[in-house]
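Just entry-v8.txt here, compact mmCIF, C-alpha atoms and all ligand atoms:
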# COMPACT_ATOMS: atom_id res chain seq x y z
CA MET U 79 14.51 -13.95 -2.81
CA SER U 80 13.61 -13.51 0.84
CA ALA U 81 15.50 -11.53 3.47
CA SER U 82 19.03 -12.89 3.83
CA GLY U 83 19.91 -14.85 6.96
CA ALA U 84 22.15 -12.00 8.08
CA ASP U 85 19.32 -9.47 7.68
CA SER U 86 16.87 -11.55 9.66
CA THR U 87 19.44 -12.16 12.41
CA ARG U 88 20.07 -8.40 12.68
CA PHE U 89 16.36 -7.66 12.58
CA ALA U 90 15.75 -10.14 15.40
CA ALA U 91 18.62 -8.73 17.49
CA LEU U 92 17.44 -5.13 17.10
CA VAL U 93 13.79 -5.75 17.97
CA ARG U 94 14.48 -8.24 20.78
CA SER U 95 16.72 -5.75 22.60
CA ALA U 96 14.33 -2.80 22.19
CA LYS U 97 12.23 -1.63 25.15
CA SER U 98 9.75 -0.07 22.75
CA VAL U 99 8.99 -0.58 19.06
CA ALA U 100 6.71 1.54 16.87
CA VAL U 101 5.64 0.30 13.45
CA GLY U 102 4.36 2.60 10.72
CA ALA U 103 3.84 2.73 6.96
CA HIS U 104 3.12 5.25 4.23
CA VAL U 105 0.53 8.02 4.31
CA ASP U 106 -2.95 7.16 2.99
CA PRO U 107 -2.42 3.55 4.03
CA ASP U 108 -3.57 0.73 1.74
CA GLY U 109 -4.11 -2.95 2.51
CA ASP U 110 -0.39 -3.75 2.51
CA ALA U 111 0.41 -0.79 4.76
CA VAL U 112 -2.25 -1.66 7.37
CA GLY U 113 -2.06 -5.46 7.08
CA SER U 114 1.72 -5.63 7.32
CA THR U 115 1.84 -3.11 10.19
CA LEU U 116 -0.76 -4.92 12.29
CA GLY U 117 0.60 -8.39 11.43
CA LEU U 118 4.09 -7.40 12.56
CA VAL U 119 2.87 -5.64 15.71
CA LEU U 120 0.82 -8.67 16.77
CA ALA U 121 3.70 -11.04 16.01
CA LEU U 122 6.13 -8.95 18.09
CA ARG U 123 3.60 -8.75 20.92
CA SER U 124 3.19 -12.55 20.79
CA ILE U 125 6.85 -12.88 21.87
CA GLY U 126 6.43 -10.33 24.65
CA LEU U 127 7.74 -7.20 22.91
CA ASN U 128 6.25 -3.77 23.47
CA ALA U 129 5.15 -2.84 19.93
CA VAL U 130 2.56 -0.30 18.76
CA PRO U 131 1.18 0.53 15.29
CA VAL U 132 1.22 4.23 14.36
CA LEU U 133 -0.70 6.13 11.71
CA ALA U 134 1.32 8.25 9.29
CA SER U 135 -1.75 10.28 8.38
CA GLY U 136 -5.27 10.74 9.70
CA ASP U 137 -6.43 9.76 13.16
CA SER U 138 -8.08 6.42 12.52
CA VAL U 139 -7.48 3.27 10.52
CA PRO U 140 -9.28 3.23 7.12
CA GLU U 141 -12.78 1.75 7.62
CA THR U 142 -12.07 -1.04 5.09
CA TYR U 143 -9.35 -2.44 7.35
CA ALA U 144 -10.95 -1.80 10.74
CA PHE U 145 -11.97 -5.50 10.84
CA LEU U 146 -8.34 -6.57 11.14
CA PRO U 147 -7.18 -7.94 14.50
CA GLY U 148 -5.23 -5.29 16.39
CA SER U 149 -6.71 -2.31 14.52
CA GLY U 150 -7.78 -0.86 17.89
CA LEU U 151 -4.12 -0.60 18.89
CA TYR U 152 -3.38 2.11 16.29
CA ARG U 153 -2.44 5.51 17.59
CA ALA U 154 -1.65 8.76 15.82
CA ALA U 155 2.07 9.25 15.26
CA ILE U 156 1.91 12.67 16.88
CA ASP U 157 0.60 11.08 20.12
CA THR U 158 3.37 8.47 20.24
CA ASP U 159 6.59 8.65 22.29
CA VAL U 160 9.86 8.20 20.41
CA PRO U 161 10.54 4.43 20.47
CA ASP U 162 13.88 2.62 20.74
CA VAL U 163 13.19 1.08 17.33
CA PHE U 164 10.96 2.41 14.57
CA ILE U 165 10.02 0.01 11.78
CA ALA U 166 8.94 1.62 8.49
CA LEU U 167 6.98 -0.74 6.23
CA ASP U 168 6.03 -0.34 2.56
CA THR U 169 7.56 3.14 2.55
CA PRO U 170 10.32 4.19 0.12
CA THR U 171 11.39 7.53 1.68
CA PHE U 172 11.27 9.47 4.95
CA ALA U 173 8.81 11.92 3.41
CA ARG U 174 6.23 9.19 2.70
CA LEU U 175 6.09 8.50 6.47
CA GLY U 176 4.06 11.69 6.92
CA ASP U 177 3.38 12.41 10.60
CA ALA U 178 5.58 9.46 11.59
CA GLU U 179 8.72 10.87 9.97
CA SER U 180 10.02 12.50 13.16
CA LEU U 181 9.54 9.27 15.18
CA ALA U 182 11.53 7.40 12.53
CA ARG U 183 14.29 10.01 12.54
CA SER U 184 14.52 10.20 16.35
CA ALA U 185 14.43 6.48 17.19
CA ASP U 186 17.74 4.86 18.19
CA ASP U 187 17.37 2.45 15.29
CA LEU U 188 15.28 2.62 12.14
CA ILE U 189 14.42 -0.59 10.32
CA VAL U 190 13.03 -0.31 6.78
CA ILE U 191 11.21 -3.26 5.21
CA ASP U 192 9.86 -2.68 1.72
CA HIS U 193 9.33 -3.92 -1.81
CA HIS U 194 9.46 -0.60 -3.70
CA PRO U 195 12.35 -0.73 -6.19
CA ASP U 196 13.04 2.97 -5.60
CA ASN U 197 13.40 2.55 -1.82
CA ALA U 198 16.10 4.92 -0.54
CA ARG U 199 17.31 2.29 1.98
CA PHE U 200 17.11 4.95 4.67
CA GLY U 201 17.24 2.67 7.72
CA THR U 202 19.97 1.50 10.07
CA LEU U 203 18.86 -1.81 8.61
CA SER U 204 17.01 -1.84 5.28
CA ILE U 205 15.47 -5.03 3.92
CA VAL U 206 14.20 -4.26 0.41
CA ASP U 207 12.94 -6.98 -1.88
CA PRO U 208 11.43 -5.60 -5.13
CA ALA U 209 10.56 -9.14 -6.25
CA ALA U 210 8.09 -9.52 -3.36
CA SER U 211 4.46 -8.82 -4.24
CA SER U 212 3.79 -7.30 -0.79
CA VAL U 213 5.53 -6.35 2.42
CA GLY U 214 3.11 -8.73 4.14
CA GLY U 215 4.77 -11.61 2.27
CA ILE U 216 8.28 -10.47 3.20
CA LEU U 217 7.25 -10.34 6.87
CA TRP U 218 5.67 -13.78 6.70
CA GLU U 219 9.02 -15.27 5.65
CA LEU U 220 10.93 -13.14 8.15
CA LEU U 221 8.82 -14.37 11.08
CA PHE U 222 9.68 -17.99 10.32
CA GLU U 223 13.36 -17.09 10.03
CA MET U 224 13.00 -15.65 13.57
CA ASP U 225 11.32 -18.87 14.75
CA ILE U 226 8.02 -17.08 15.40
CA ASP U 227 5.04 -19.25 14.50
CA PRO U 228 2.30 -16.80 13.41
CA ASP U 229 -1.14 -17.22 14.99
CA VAL U 230 -4.35 -16.84 13.01
CA ASP U 231 -4.56 -13.08 13.73
CA VAL U 232 -1.07 -12.43 12.40
CA ALA U 233 -1.80 -14.62 9.38
CA THR U 234 -5.06 -12.76 8.68
CA CYS U 235 -3.35 -9.36 8.71
CA LEU U 236 -0.47 -10.48 6.52
CA TYR U 237 -2.82 -12.33 4.13
CA THR U 238 -4.83 -9.10 3.72
CA ALA U 239 -1.58 -7.33 2.77
CA LEU U 240 -0.78 -10.08 0.28
CA VAL U 241 -4.19 -10.32 -1.35
CA THR U 242 -4.63 -6.56 -1.78
CA ASP U 243 -1.14 -5.74 -3.10
CA SER U 244 -1.21 -8.62 -5.59
CA GLY U 245 -4.61 -7.53 -6.91
CA ARG U 246 -6.15 -10.74 -5.57
CA PHE U 247 -3.27 -12.79 -7.02
CA SER U 248 -3.60 -11.26 -10.49
CA TYR U 249 -1.20 -8.34 -10.98
CA SER U 250 2.17 -8.80 -12.69
CA ASN U 251 3.89 -8.96 -9.26
CA THR U 252 2.10 -12.26 -8.50
CA THR U 253 4.44 -15.26 -8.55
CA SER U 254 4.50 -18.87 -7.40
CA ARG U 255 6.08 -17.50 -4.20
CA THR U 256 2.98 -15.35 -3.62
CA PHE U 257 0.73 -18.41 -3.89
CA ARG U 258 3.05 -20.51 -1.75
CA ILE U 259 2.97 -17.93 1.04
CA ALA U 260 -0.82 -17.67 0.69
CA ALA U 261 -1.11 -21.45 1.02
CA GLU U 262 0.91 -21.35 4.24
CA MET U 263 -1.30 -18.56 5.56
CA LEU U 264 -4.39 -20.65 4.88
CA GLU U 265 -2.79 -23.53 6.76
CA HIS U 266 -2.52 -21.09 9.69
CA GLY U 267 -6.29 -20.61 9.68
CA VAL U 268 -6.99 -17.55 7.50
CA ASP U 269 -10.66 -17.24 6.57
CA VAL U 270 -10.25 -16.24 2.91
CA GLN U 271 -13.91 -15.52 2.30
CA ARG U 272 -14.19 -13.28 5.34
CA VAL U 273 -11.24 -11.18 4.19
CA PHE U 274 -12.74 -10.97 0.69
CA THR U 275 -16.12 -9.89 2.03
CA GLU U 276 -14.62 -7.29 4.36
CA VAL U 277 -12.21 -5.80 1.81
CA TYR U 278 -14.13 -6.10 -1.47
CA GLU U 279 -17.78 -6.59 -0.64
CA SER U 280 -18.45 -4.10 2.13
CA ARG U 281 -18.86 -0.94 0.05
CA SER U 282 -21.36 1.71 1.05
CA VAL U 283 -24.01 2.63 -1.52
CA GLY U 284 -22.17 5.96 -1.85
CA ALA U 285 -19.01 4.13 -2.85
CA LEU U 286 -20.93 2.29 -5.57
CA ALA U 287 -22.22 5.63 -6.85
CA LEU U 288 -18.62 6.87 -6.93
CA ILE U 289 -17.68 3.86 -9.08
CA GLY U 290 -20.55 4.89 -11.40
CA ARG U 291 -19.15 8.39 -11.78
CA THR U 292 -15.66 7.03 -12.38
CA LEU U 293 -16.88 4.67 -15.10
CA GLU U 294 -18.97 7.37 -16.81
CA ARG U 295 -15.91 9.58 -17.11
CA VAL U 296 -13.52 7.00 -18.56
CA THR U 297 -11.70 8.71 -21.40
CA CYS U 298 -9.58 6.85 -23.93
CA VAL U 299 -6.68 8.27 -25.88
CA ASP U 300 -4.43 6.79 -28.54
CA GLY U 301 -7.12 4.31 -29.61
CA ASP U 302 -7.76 3.00 -26.05
CA SER U 303 -4.12 2.23 -25.20
CA ILE U 304 -4.22 4.93 -22.51
CA ALA U 305 -7.38 5.43 -20.45
CA TYR U 306 -8.13 7.64 -17.51
CA SER U 307 -10.85 8.90 -15.24
CA TRP U 308 -11.14 11.22 -12.28
CA VAL U 309 -13.02 12.02 -9.09
CA GLU U 310 -13.25 15.32 -7.25
CA ASP U 311 -13.86 16.31 -3.64
CA ASP U 312 -17.49 17.13 -4.56
CA ASP U 313 -18.04 13.56 -5.73
CA PHE U 314 -17.31 12.35 -2.22
CA THR U 315 -19.66 14.83 -0.58
CA GLN U 316 -22.42 14.24 -3.12
CA THR U 317 -22.26 10.43 -3.08
CA GLY U 318 -21.34 10.04 0.58
CA ALA U 319 -18.40 7.78 -0.35
CA LEU U 320 -15.45 7.87 2.04
CA LYS U 321 -11.99 8.77 0.75
CA ALA U 322 -10.73 5.36 1.87
CA GLU U 323 -13.34 3.71 -0.34
CA SER U 324 -11.59 5.07 -3.44
CA GLU U 325 -8.50 2.88 -2.93
CA ASN U 326 -9.49 0.36 -5.62
CA LEU U 327 -11.29 2.74 -8.01
CA ILE U 328 -8.38 2.53 -10.44
CA ASP U 329 -9.17 -1.18 -10.92
CA GLU U 330 -12.48 -0.20 -12.56
CA VAL U 331 -10.54 1.74 -15.21
CA ARG U 332 -7.96 -0.95 -15.81
CA ALA U 333 -10.73 -3.34 -16.82
CA LEU U 334 -10.81 -1.68 -20.25
CA ARG U 335 -9.79 -4.02 -23.08
CA GLY U 336 -6.56 -3.06 -24.83
CA ALA U 337 -5.57 -0.37 -22.32
CA ARG U 338 -1.84 -0.54 -21.61
CA ILE U 339 -1.63 2.35 -19.18
CA VAL U 340 -4.50 3.64 -17.04
CA PHE U 341 -4.64 6.38 -14.50
CA LEU U 342 -7.08 7.86 -12.03
CA MET U 343 -6.93 11.45 -10.87
CA LYS U 344 -8.28 12.55 -7.49
CA ARG U 345 -8.74 16.28 -7.57
CA SER U 346 -8.89 18.71 -4.66
CA PRO U 347 -8.73 22.44 -5.37
CA GLY U 348 -5.27 23.18 -6.82
CA LEU U 349 -4.03 19.64 -6.23
CA VAL U 350 -4.39 16.39 -8.20
CA HIS U 351 -3.25 13.01 -6.89
CA VAL U 352 -2.60 10.57 -9.72
CA SER U 353 -2.63 6.78 -9.49
CA LEU U 354 -0.91 5.15 -12.47
CA ARG U 355 -1.08 1.51 -13.56
CA ALA U 356 0.67 -0.35 -16.37
CA LYS U 357 -1.04 -3.50 -17.61
CA GLY U 358 1.86 -4.50 -19.84
CA SER U 359 5.57 -3.87 -19.63
CA ALA U 360 5.53 -0.06 -19.48
CA ASP U 361 7.30 1.49 -16.46
CA VAL U 362 4.90 3.99 -14.90
CA GLY U 363 7.13 4.20 -11.81
CA SER U 364 9.69 6.23 -13.76
CA VAL U 365 6.93 8.53 -15.03
CA ALA U 366 5.72 9.04 -11.45
CA ARG U 367 9.27 9.80 -10.33
CA ALA U 368 9.64 12.39 -13.09
CA PHE U 369 6.61 14.10 -11.53
CA GLY U 370 8.04 13.96 -8.02
CA GLY U 371 6.28 10.77 -6.89
CA GLY U 372 7.28 7.12 -7.02
CA GLY U 373 6.17 3.52 -6.85
CA HIS U 374 6.58 0.27 -8.75
CA ALA U 375 6.96 -0.23 -12.51
CA ALA U 376 3.33 -1.38 -12.72
CA ALA U 377 1.74 0.77 -9.99
CA ALA U 378 2.84 4.25 -9.04
CA GLY U 379 1.58 7.68 -8.08
CA PHE U 380 2.35 11.33 -7.59
CA THR U 381 0.73 14.60 -6.61
CA PHE U 382 0.51 17.48 -9.09
CA GLU U 383 0.05 21.10 -8.09
CA GLY U 384 -2.44 22.56 -10.55
CA GLU U 385 -5.60 21.57 -12.37
CA ILE U 386 -6.49 18.54 -14.48
CA PRO U 387 -6.19 20.16 -17.96
CA ASP U 388 -2.66 21.40 -17.19
CA LEU U 389 -1.73 18.01 -15.84
CA LEU U 390 -3.00 16.18 -18.94
CA THR U 391 -0.95 18.45 -21.17
CA VAL U 392 2.27 17.21 -19.60
CA LEU U 393 1.30 13.72 -18.44
CA LEU U 394 -0.09 12.28 -21.67
CA PRO U 395 3.12 12.88 -23.68
CA ALA U 396 5.17 11.33 -20.85
CA LEU U 397 2.94 8.24 -20.80
CA ARG U 398 3.05 7.87 -24.59
CA GLU U 399 6.82 7.78 -24.33
CA ALA U 400 6.65 5.23 -21.50
CA HIS U 401 4.61 2.72 -23.43
CA GLY U 402 6.58 3.23 -26.62
P1 LIG F 1 -1.69 4.27 -5.34
O1 LIG F 1 -1.86 4.62 -6.79
O2 LIG F 1 -2.46 3.04 -4.98
O3 LIG F 1 -1.89 5.43 -4.44
O4 LIG F 1 -0.16 3.89 -5.19
C1 LIG F 1 0.48 2.98 -6.03
C2 LIG F 1 1.94 2.88 -5.67
O5 LIG F 1 2.56 4.15 -5.90
C3 LIG F 1 2.22 2.55 -4.22
O6 LIG F 1 3.36 1.75 -4.18
C4 LIG F 1 2.47 3.89 -3.57
O7 LIG F 1 3.32 3.79 -2.49
C5 LIG F 1 3.11 4.69 -4.72
N1 LIG F 1 2.71 6.10 -4.64
C6 LIG F 1 1.47 6.61 -4.78
N2 LIG F 1 1.47 7.94 -4.64
C7 LIG F 1 2.74 8.30 -4.40
C8 LIG F 1 3.40 9.56 -4.17
O8 LIG F 1 2.78 10.63 -4.15
N3 LIG F 1 4.75 9.51 -3.95
C9 LIG F 1 5.46 8.34 -3.98
N4 LIG F 1 6.79 8.37 -3.76
N5 LIG F 1 4.87 7.14 -4.20
C10 LIG F 1 3.55 7.12 -4.41
MN MN F 2 3.02 -2.54 -0.83

Go through the file and emit its structure as structure tokens.
Amino acid sequence: MSASGADSTRFAALVRSAKSVAVGAHVDPDGDAVGSTLGLVLALRSIGLNAVPVLASGDSVPETYAFLPGSGLYRAAIDTDVPDVFIALDTPTFARLGDAESLARSADDLIVIDHHPDNARFGTLSIVDPAASSVGGILWELLFEMDIDPDVDVATCLYTALVTDSGRFSYSNTTSRTFRIAAEMLEHGVDVQRVFTEVYESRSVGALALIGRTLERVTCVDGDSIAYSWVEDDDFTQTGALKAESENLIDEVRALRGARIVFLMKRSPGLVHVSLRAKGSADVGSVARAFGGGGHAAAAGFTFEGEIPDLLTVLLPALREAHG
């Protein structure tokens, strides 16, 4: 189901009457966060609106997505004036907006567009479609409902959102709708191979070494039905891999045959960020929520205060219960 006609009419009315629009997404942005933000900003600019993309964390766009059209427009949220309208993409709560939270709270209107099932619908207008594989796909449909014909730059950004969040059209969120939208994007000129090369085949040698460490540490429990690995701050300094290059590391772990739930821990002193993935029908989103995080049934995350052994003591029983 796409955004209802009433939602798209309200969306159009709010943005068309705004003198300034800022668009942001969740902290530690992934392909959907960056691709959907830039795609929407470029589309709004193409109809003469004053729209800027803002970073919820960090001061530059992740290197992997710097090739996207419009990436040079990004500015830090803290350097951005309060806009008439703030649009929060791919973000389920105010807190996940990081540095951009105060812009979102202070804007005259806040529009939320998301596909997280646990979205708090915290906008003046909230368009939430958990059946959508990416926010990029929701925006693609929304633009047509607003009679905006996307150019190749908009299509490239939104395609990048679609291809990354669907796991290259392979995760359980991939549907015929995902492929249909992708086909339309290709008809608008997207260079599929270029996006693939930029996103998946532009790793530094350090990032490959980090994959090596991750694979060496894969640990299986319950006869392989749960598998995990981890990386630490030192791994980044020793290999030279960038933090942003660890976005898809979890995919290396999920390759294991028979694994139903996999997770990757990223450890800093006293803090562990956990990425959880379910390959079958288990709901790792509810496990993440129980640990103060969130996400989708098949892909979720949270941050744990403590060290890895303490975390495993509480997380493994919770995951066993989740996969039944
Ligand atoms: P990833 O594992 O790639 O960081 O994130 C997977 C999914 O879980 C994404 O939808 C992301 O927004 C969500 N997620 C990851 N970490 C957190 C977190 O700390 N809090 C919340 N609420 N969601 C998270
Ligand atoms: Mn997403």

Q | Residue nearest ligand LIG 1 (chain F) among U:Ala84, U:Leu175, U:Ala396, U:Leu286 (counting all atoms listed in the file) | A |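 Smallest separation from ligand LIG 1 (chain F) among the options: U:Leu175.
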
Q | Selection within 6 Å of ligand LIG 1 (chain F) by all atoms listed in the file, output as number ranges by chain | A | U: 353-354, 371-374, 377-381

Could you take the residues named above and write them with C-alpha atoms, as a short mmCIF file (atom, residue, chain, number, x, y, z; two decimals), in the coordinates of the input?
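Output contents, as saved in part.cif:
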data_model
loop_
_atom_site.label_atom_id
_atom_site.label_comp_id
_atom_site.auth_asym_id
_atom_site.auth_seq_id
_atom_site.Cartn_x
_atom_site.Cartn_y
_atom_site.Cartn_z
CA SER U 353 -2.63 6.78 -9.49
CA LEU U 354 -0.91 5.15 -12.47
CA GLY U 371 6.28 10.77 -6.89
CA GLY U 372 7.28 7.12 -7.02
CA GLY U 373 6.17 3.52 -6.85
CA HIS U 374 6.58 0.27 -8.75
CA ALA U 377 1.74 0.77 -9.99
CA ALA U 378 2.84 4.25 -9.04
CA GLY U 379 1.58 7.68 -8.08
CA PHE U 380 2.35 11.33 -7.59
CA THR U 381 0.73 14.60 -6.61
#

Q: List all protein, DNA and RNA residues that have an atom no more than 6 Å from any atom of ligand MN 2 (chain F), counting all atoms listed in the file, and report them as a ChimeraX atom specification.
A: /U:110,168,212-213,243

**Q.** Counting all atoms listed in the file, the option among U:Ser82, U:Ser303, U:Thr158, U:Ser180 closest to Ser98 (chain U)
**A.** U:Thr158

Q: Find the residues around Ala233 (chain U) up to 9 Å (all atoms listed in the file counted), leave out those fewer than 4 positions away in its own chain, and share them as a PyMOL selection string.
A: chain U and resi 117+218+228-229+237-238+262-264+266-268

**Q.** Which residue of U:Ile191, U:Ala400, U:Ala182, U:Ala144 approaches Ser364 (chain U) most closely, using all atoms listed in the file
**A.**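 When distances to Ser364 (chain U) are compared using all atoms listed in the file, the smallest one comes from U:Ala400.
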
**Q.** Test item: residues at most 8 Å from region 195-204 of chain U, all atoms listed in the file, excluding those fewer than 5 positions along its chain, as JSON, numbers by chain
**A.** {"U": [85, 88, 89, 169, 170, 171, 172, 187, 188, 189, 190, 372, 373, 374]}

Q. Near Gln316 (chain U), counting only C-alpha atoms, which residues have an atom at most 10 Å away, once you skip same-chain residues fewer than 5 positions from it, shown as JSON, numbers by chain?
A. {"U": [284, 287, 288, 311]}

Q: Compile the contact shell of Gly358 (chain U) as a count of residues only: residues with an atom at most 9 Å away, counting all atoms listed in the file, same-chain residues fewer than 3 positions apart removed.
A: 7

Q: Please identify all polymer residues within 12 Å of Ser211 (chain U), counting only C-alpha atoms, omitting same-chain residues fewer than 6 positions from it, and present them as a PyMOL selection string.
A: chain U and resi 79-80+110+168+192-195+217+236-237+239-257+259-260+374+376-377

Q: Rank U:Ile328, U:Ile165, U:Ile304, U:Ala154 by their smallest atom-to-atom distance to Arg398 (chain U), using all atoms listed in the file, and report the top residue only.
A: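 Among the listed residues, U:Ile304 lies closest to Arg398 (chain U).
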
Q: List the residues sitting within 8 Å of (16.5, -1.4, 21.8) in the file's frame, using all atoms listed in the file, as a list in words.
A: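 In the file's frame, the residues around the point are Leu92, Val93, Arg94, Ser95, Ala96, Lys97, Ser98, Asp162, Val163, Asp186 and Asp187 of chain U.
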
Please save C-alpha atoms of the selected residues as an mmCIF file, keeping the file's coordinate frame.
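What ended up in part30.cif:
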data_model
loop_
_atom_site.group_PDB
_atom_site.id
_atom_site.type_symbol
_atom_site.label_atom_id
_atom_site.label_comp_id
_atom_site.auth_asym_id
_atom_site.auth_seq_id
_atom_site.Cartn_x
_atom_site.Cartn_y
_atom_site.Cartn_z
ATOM 1 C CA LEU U 92 17.440 -5.130 17.100
ATOM 2 C CA VAL U 93 13.790 -5.750 17.970
ATOM 3 C CA ARG U 94 14.480 -8.240 20.780
ATOM 4 C CA SER U 95 16.720 -5.750 22.600
ATOM 5 C CA ALA U 96 14.330 -2.800 22.190
ATOM 6 C CA LYS U 97 12.230 -1.630 25.150
ATOM 7 C CA SER U 98 9.750 -0.070 22.750
ATOM 8 C CA ASP U 162 13.880 2.620 20.740
ATOM 9 C CA VAL U 163 13.190 1.080 17.330
ATOM 10 C CA ASP U 186 17.740 4.860 18.190
ATOM 11 C CA ASP U 187 17.370 2.450 15.290
#

Q | Point-to-point distance from CA of Gly214 (chain U) to CA of Glu330 (chain U), Å rounded to tenths | A | 24.4 Å

Q: Using CA of Ser149 (chain U) and CA of Leu116 (chain U) as the two end points, give the distance in Å to one decimal.
A: 6.9 Å

Q: May I ask for the distance between CA of Glu325 (chain U) and CA of Val230 (chain U), given in Å to one decimal place?
A: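 Computed distance, CA of Glu325 (chain U) to CA of Val230 (chain U), equals 25.7 Å.
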
Q.
Measuring between only C-alpha atoms, which one of U:Val119, U:Gly113, U:Ala100, U:His351 shows the shortest distance to Ala155 (chain U)?
A.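 The answer is U:Ala100, which sits nearest to Ala155 (chain U).
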
(Q) Using all atoms listed in the file for the distances, tell me which of U:Gly83, U:Leu334, U:Leu320, U:Phe145 is nearest to Leu220 (chain U). (A)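 Result for the nearest residue to Leu220 (chain U): U:Gly83.
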
Q: Around the point (-16.3, 13.2, -5.9), in the coordinates given by the file, pick out the residues reaching within 10 Å, counting all atoms listed in the file, and return them as a PyMOL selection string.
A: chain U and resi 285+287-289+291-292+308-321+324+344-346

Reconstruct all heavy atoms of region 115-121 of chain U from the incomplete input and present them as a compact mmCIF listing (two decimals), in the coordinates of the input.
# COMPACT_ATOMS: atom_id res chain seq x y z
N THR U 115 1.58 -3.76 8.89
CA THR U 115 1.84 -3.11 10.19
C THR U 115 1.21 -3.90 11.33
O THR U 115 1.87 -4.23 12.33
CB THR U 115 1.28 -1.67 10.18
OG1 THR U 115 1.96 -0.91 9.18
CG2 THR U 115 1.46 -1.00 11.53
N LEU U 116 -0.08 -4.22 11.19
CA LEU U 116 -0.76 -4.92 12.29
C LEU U 116 -0.22 -6.35 12.45
O LEU U 116 -0.06 -6.83 13.58
CB LEU U 116 -2.27 -4.94 12.05
CG LEU U 116 -2.95 -3.57 12.16
CD1 LEU U 116 -4.45 -3.68 11.83
CD2 LEU U 116 -2.76 -2.96 13.55
N GLY U 117 0.06 -7.02 11.34
CA GLY U 117 0.60 -8.39 11.43
C GLY U 117 1.92 -8.40 12.18
O GLY U 117 2.14 -9.23 13.06
N LEU U 118 2.79 -7.42 11.88
CA LEU U 118 4.09 -7.40 12.56
C LEU U 118 3.93 -7.02 14.02
O LEU U 118 4.55 -7.64 14.91
CB LEU U 118 5.04 -6.41 11.84
CG LEU U 118 6.43 -6.29 12.47
CD1 LEU U 118 7.14 -7.64 12.52
CD2 LEU U 118 7.29 -5.28 11.70
N VAL U 119 3.08 -6.04 14.31
CA VAL U 119 2.87 -5.64 15.71
C VAL U 119 2.35 -6.82 16.53
O VAL U 119 2.86 -7.11 17.63
CB VAL U 119 1.90 -4.44 15.79
CG1 VAL U 119 1.37 -4.27 17.21
CG2 VAL U 119 2.58 -3.16 15.33
N LEU U 120 1.37 -7.54 16.01
CA LEU U 120 0.82 -8.67 16.77
C LEU U 120 1.86 -9.78 16.94
O LEU U 120 1.93 -10.42 17.99
CB LEU U 120 -0.44 -9.21 16.07
CG LEU U 120 -1.63 -8.25 16.03
CD1 LEU U 120 -2.82 -8.88 15.30
CD2 LEU U 120 -2.06 -7.81 17.44
N ALA U 121 2.67 -9.99 15.90
CA ALA U 121 3.70 -11.04 16.01
C ALA U 121 4.73 -10.66 17.07
O ALA U 121 5.15 -11.51 17.88
CB ALA U 121 4.37 -11.24 14.65
